[in-house]
Amino acid sequence: MEAESEPYVRLATLRTLHRVVADLNAARSLAGTLQAVVEGAVHGLGFDAAAVSLVRPDGDLVVAAVWELEESPMGGPSVLLGQVGSRESWDRLLGVSDHWGTLRFLPYDRGWAVASDIPRWIGDSPLPVYANDWHPADGLLAPMYSAGGDLLGVLSVDRPRSGKRPGAWTREALEMFSLQASIAIGNARLRAEMQRALARLEKEQQALRASEESFRQAFEYAPSGMAITELHGAGRGQLTRVNDALCRLLGRPRAVLRQQSFADLVHPEDRALLERTSAESGRAELRLSRRDGGYQWVCLRNSIVADAAEGPSFLLTHVEDIEDRKRHELQLAHRASHDALTGLPNGAELKARLARRLCAEPQPVGAAAGALTAEVGCPQPYAYPADSYSAHTAYEGLEGVDPYAGPVHGYGLLEGGPLPGLGAGYGEHVHAVVPAEFGPGGEAWSAPFRSGPAAPAEKGLAVLFCDLDGFKSINDRFGHNAGDSVLVEVARRLSGAVRDGDTVARLGGDEFVVLADGIGREEAKDLAHRLRNAIIPPMRIDGRAMRVGVSLGIGWAGCGMSIEEVLHTADERMYDEKRARGGAVRGARGERSHRRAG
């Protein structure tokens, strides 16, 4: 190349560089760029052979592209393709070579610096005659670096067609070319990485679309209700998405449900439970309103769907229909606490209600009583729940029963628990106190569990013990079926004669007990009169007119009394009346001669 005039050589070289650089930039892949580099070095810079060793991710260099002007009969540099040299060996080789600017020249007499693991091919070109001639073992290397200074690879050229070692202008042209090659290789790598990233992104998007479709189908076609709830912003708590199963369960269209929240749908008694249910893995059994005005028992299970970067995104709620299970549980609970024949609360339920109403501590007297009443702030006693006869008798078929009424005792504790400094029984409920009896002169006689200067109570918890008269003769004369019908009718009449909130219970046989809270002694007598008048009219059973009487005893329940004591007192009062009226009292063994289990 230096044999011609210098200006002409430079102009021709620049034209060639322009062409080969254009070829570099036209390549669309990394492999195409590497091939354009070696071909450009051969065709544009006057060398017979060129190779590119590319840095791998592990740091070693692999021969990635070779080119020679004419293929050698012994295979030429192409045999080097794929061979790997360690980074350490390459760094040592570049370090011992002569520095020609950014180029590295390794003369043949320094061949000992070439480690055995560095790929090398020595052609059969003639040996040099003059000192400036090219030796077959000479090597000219052009390291290529990224913009950040990292080694990308090494361009090796061999056998200048002039047969001479490259002059200054050829070396400068090679430096310029290697710089452009570095840029082209960097761009090609970037394009390759972008293409791989795009391929990965497309694959991830396809997987995401498939996952979203799977979720959509699982959500939409789930046999049980599913809902998605907003967790953030102004729409927090609102249902943003519901499936058909939830719409069918609640009888509400999708558009209506999406304008509501579970707080809008939950039963008022279950609102606190819903608020206590945690978002993450929360579970609650509660009632949701239906379009027909009723309530549906469901089990809610919550799961938070979170984004790795942004955190919780929305709440996924599984809504399971547990209506049948709840109905069955309520039915079992009702059967355990109610009489199978009449549907009234049984003896166990009666005692349980008394236990909830009474505490172990008697009512304090004097100033202590006044202070406690003021602190508790509950001047009126709690009422017993209403036990309608129709509800009891129909519960066998679960018709006419409200299974959603929740706890039916009505003797709830005051919120917050016992008052500070008070023992068990104080501050948790309103004390039941036995009303005082008044003498002929208006003075208050002593009542059980009362002493001191406290004002006598006017109202309390009355316990009316009812025992049917003449029931045994009906059983003996007309049979047990007739007797059962009489008991059912008596239960209905008793339930119709009491106040709302009073309890009518059947102890067994022909014995009934009425609990009436918050009444005085005169009111208790009026209630007993109503009960008696409700029972004594004839009743028509199987086409026959039958009549039974009733003996009633009025007892009083007060805190500090045992349940057995309360019932025994009322029982004795009833027998006092029965004796006074000349009714049957005891059998030969002290048992009631008319007792019969219903």
# chains A, B, ... in the order shown; residues from 1 in each chain; ligands from 1
$ residues_around --residues "range 570-576 of chain A" --least-positions-apart "2" --cutoff "10 Å" --atoms "only C-alpha atoms" --output "short mmCIF file (atom, residue, chain, number, x, y, z; two decimals) with N, CA and C atoms, in the first residue's frame"
data_model
loop_
_atom_site.label_atom_id
_atom_site.label_comp_id
_atom_site.auth_asym_id
_atom_site.auth_seq_id
_atom_site.Cartn_x
_atom_site.Cartn_y
_atom_site.Cartn_z
N ALA A 462 -89.78 -12.72 88.17
CA ALA A 462 -90.78 -13.66 88.69
C ALA A 462 -90.63 -15.00 88.02
N VAL A 463 -90.78 -16.07 88.81
CA VAL A 463 -90.73 -17.45 88.31
C VAL A 463 -92.06 -18.10 88.65
N LEU A 464 -92.87 -18.36 87.65
CA LEU A 464 -94.20 -18.92 87.85
C LEU A 464 -94.17 -20.41 87.49
N PHE A 465 -94.39 -21.24 88.48
CA PHE A 465 -94.38 -22.70 88.29
C PHE A 465 -95.81 -23.14 88.03
N CYS A 466 -96.06 -23.80 86.91
CA CYS A 466 -97.40 -24.21 86.51
C CYS A 466 -97.47 -25.73 86.47
N ASP A 467 -98.47 -26.29 87.14
CA ASP A 467 -98.66 -27.74 87.14
C ASP A 467 -100.11 -28.01 86.78
N GLU A 511 -95.55 -30.08 83.64
CA GLU A 511 -95.02 -28.95 84.37
C GLU A 511 -94.45 -27.92 83.41
N VAL A 513 -92.92 -23.68 83.28
CA VAL A 513 -92.38 -22.56 84.05
C VAL A 513 -92.38 -21.32 83.17
N VAL A 550 -105.06 -25.78 86.49
CA VAL A 550 -103.65 -25.49 86.68
C VAL A 550 -103.44 -24.95 88.08
N SER A 551 -102.38 -25.39 88.70
CA SER A 551 -101.92 -24.84 89.98
C SER A 551 -100.66 -24.03 89.70
N LEU A 552 -100.63 -22.81 90.22
CA LEU A 552 -99.52 -21.91 89.96
C LEU A 552 -98.87 -21.47 91.26
N GLY A 553 -97.57 -21.42 91.23
CA GLY A 553 -96.80 -20.90 92.34
C GLY A 553 -95.87 -19.81 91.86
N ILE A 554 -95.89 -18.68 92.54
CA ILE A 554 -95.06 -17.55 92.13
C ILE A 554 -93.84 -17.48 93.03
N GLY A 555 -92.68 -17.66 92.45
CA GLY A 555 -91.42 -17.49 93.16
C GLY A 555 -90.65 -16.32 92.55
N TRP A 556 -89.55 -15.97 93.18
CA TRP A 556 -88.74 -14.84 92.73
C TRP A 556 -87.28 -15.26 92.68
N ALA A 557 -86.60 -14.79 91.66
CA ALA A 557 -85.18 -15.10 91.49
C ALA A 557 -84.37 -13.85 91.78
N GLU A 565 -82.50 -23.47 93.98
CA GLU A 565 -83.26 -22.79 95.03
C GLU A 565 -84.41 -22.00 94.43
N VAL A 566 -84.16 -21.33 93.31
CA VAL A 566 -85.21 -20.55 92.66
C VAL A 566 -86.36 -21.44 92.24
N LEU A 567 -86.04 -22.53 91.54
CA LEU A 567 -87.09 -23.43 91.06
C LEU A 567 -87.79 -24.13 92.22
N HIS A 568 -87.04 -24.49 93.24
CA HIS A 568 -87.64 -25.18 94.38
C HIS A 568 -88.63 -24.26 95.10
N LYS A 578 -101.86 -25.90 95.50
CA LYS A 578 -102.53 -27.15 95.17
C LYS A 578 -103.15 -27.76 96.42
N ARG A 579 -102.40 -27.70 97.54
CA ARG A 579 -102.95 -28.22 98.80
C ARG A 579 -104.16 -27.41 99.24
N ALA A 580 -104.04 -26.08 99.08
CA ALA A 580 -105.15 -25.24 99.50
C ALA A 580 -106.40 -25.52 98.69
N ARG A 581 -106.21 -25.92 97.42
CA ARG A 581 -107.35 -26.20 96.55
C ARG A 581 -107.74 -27.65 96.57
N GLY A 582 -107.02 -28.48 97.36
CA GLY A 582 -107.38 -29.89 97.50
C GLY A 582 -107.00 -30.74 96.32
N GLY A 583 -106.02 -30.33 95.55
CA GLY A 583 -105.60 -31.09 94.39
C GLY A 583 -104.70 -32.24 94.76
N ALA A 584 -104.45 -33.16 93.81
CA ALA A 584 -103.53 -34.28 94.04
C ALA A 584 -102.13 -33.74 94.24
N VAL A 585 -101.44 -34.29 95.25
CA VAL A 585 -100.13 -33.76 95.58
C VAL A 585 -99.05 -34.80 95.40
N ARG A 586 -99.01 -35.83 96.14
CA ARG A 586 -97.93 -36.81 96.09
C ARG A 586 -98.47 -38.21 95.94
#
$ residues_around --residues "Glu323 in chain A" --least-positions-apart "6" --cutoff "10 Å" --atoms "only C-alpha atoms" --output "list in words"
Arg287, Tyr295, Gln296, Trp297, Val298, Cys299, Glu329 and Pro403 of chain A
$ write_last_selection --atoms "C-alpha atoms" --output "PDB file, in the first residue's frame"
ATOM      1  CA  ARG A 287     -75.097 -13.207  56.731  1.00  0.00           C
ATOM      2  CA  TYR A 295     -80.323 -13.096  54.508  1.00  0.00           C
ATOM      3  CA  GLN A 296     -77.948 -15.750  53.245  1.00  0.00           C
ATOM      4  CA  TRP A 297     -75.417 -17.490  55.496  1.00  0.00           C
ATOM      5  CA  VAL A 298     -72.010 -17.440  53.806  1.00  0.00           C
ATOM      6  CA  CYS A 299     -68.397 -18.083  54.700  1.00  0.00           C
ATOM      7  CA  GLU A 329     -76.561 -26.435  63.139  1.00  0.00           C
ATOM      8  CA  PRO A 403     -82.618 -18.935  61.856  1.00  0.00           C
TER       9      PRO A 403
END
$ select_by_dssp --residues "range 159-313 of chain A" --states "strand (DSSP E or B)" --output "PyMOL selection string"
chain A and resi 159-160+164+225-230+238-242+261+266+283-289+295-307+311-313
$ residues_around --residues "His135 in chain A" --least-positions-apart "4" --cutoff "8 Å" --atoms "only C-alpha atoms" --output "ChimeraX atom specification"
/A:107-108,125-128
$ atom_distance --atom1 "CA of Val157 in chain A" --atom2 "CA of Leu81 in chain A"
14.8 Å
$ atom_distance --atom1 "CA of Ala49 in chain A" --atom2 "CA of Gly149 in chain A"
26.8 Å
$ select_by_dssp --residues "range 14-63 of chain A" --states "helix (DSSP H, G or I)" --output "list in words"
Leu14, Arg15, Thr16, Leu17, His18, Arg19, Val20, Val21, Ala22, Asp23, Leu24, Asn25, Ala26, Leu30, Ala31, Gly32, Thr33, Leu34, Gln35, Ala36, Val37, Val38, Glu39, Gly40, Ala41, Val42, His43, Gly44 and Leu45 of chain A
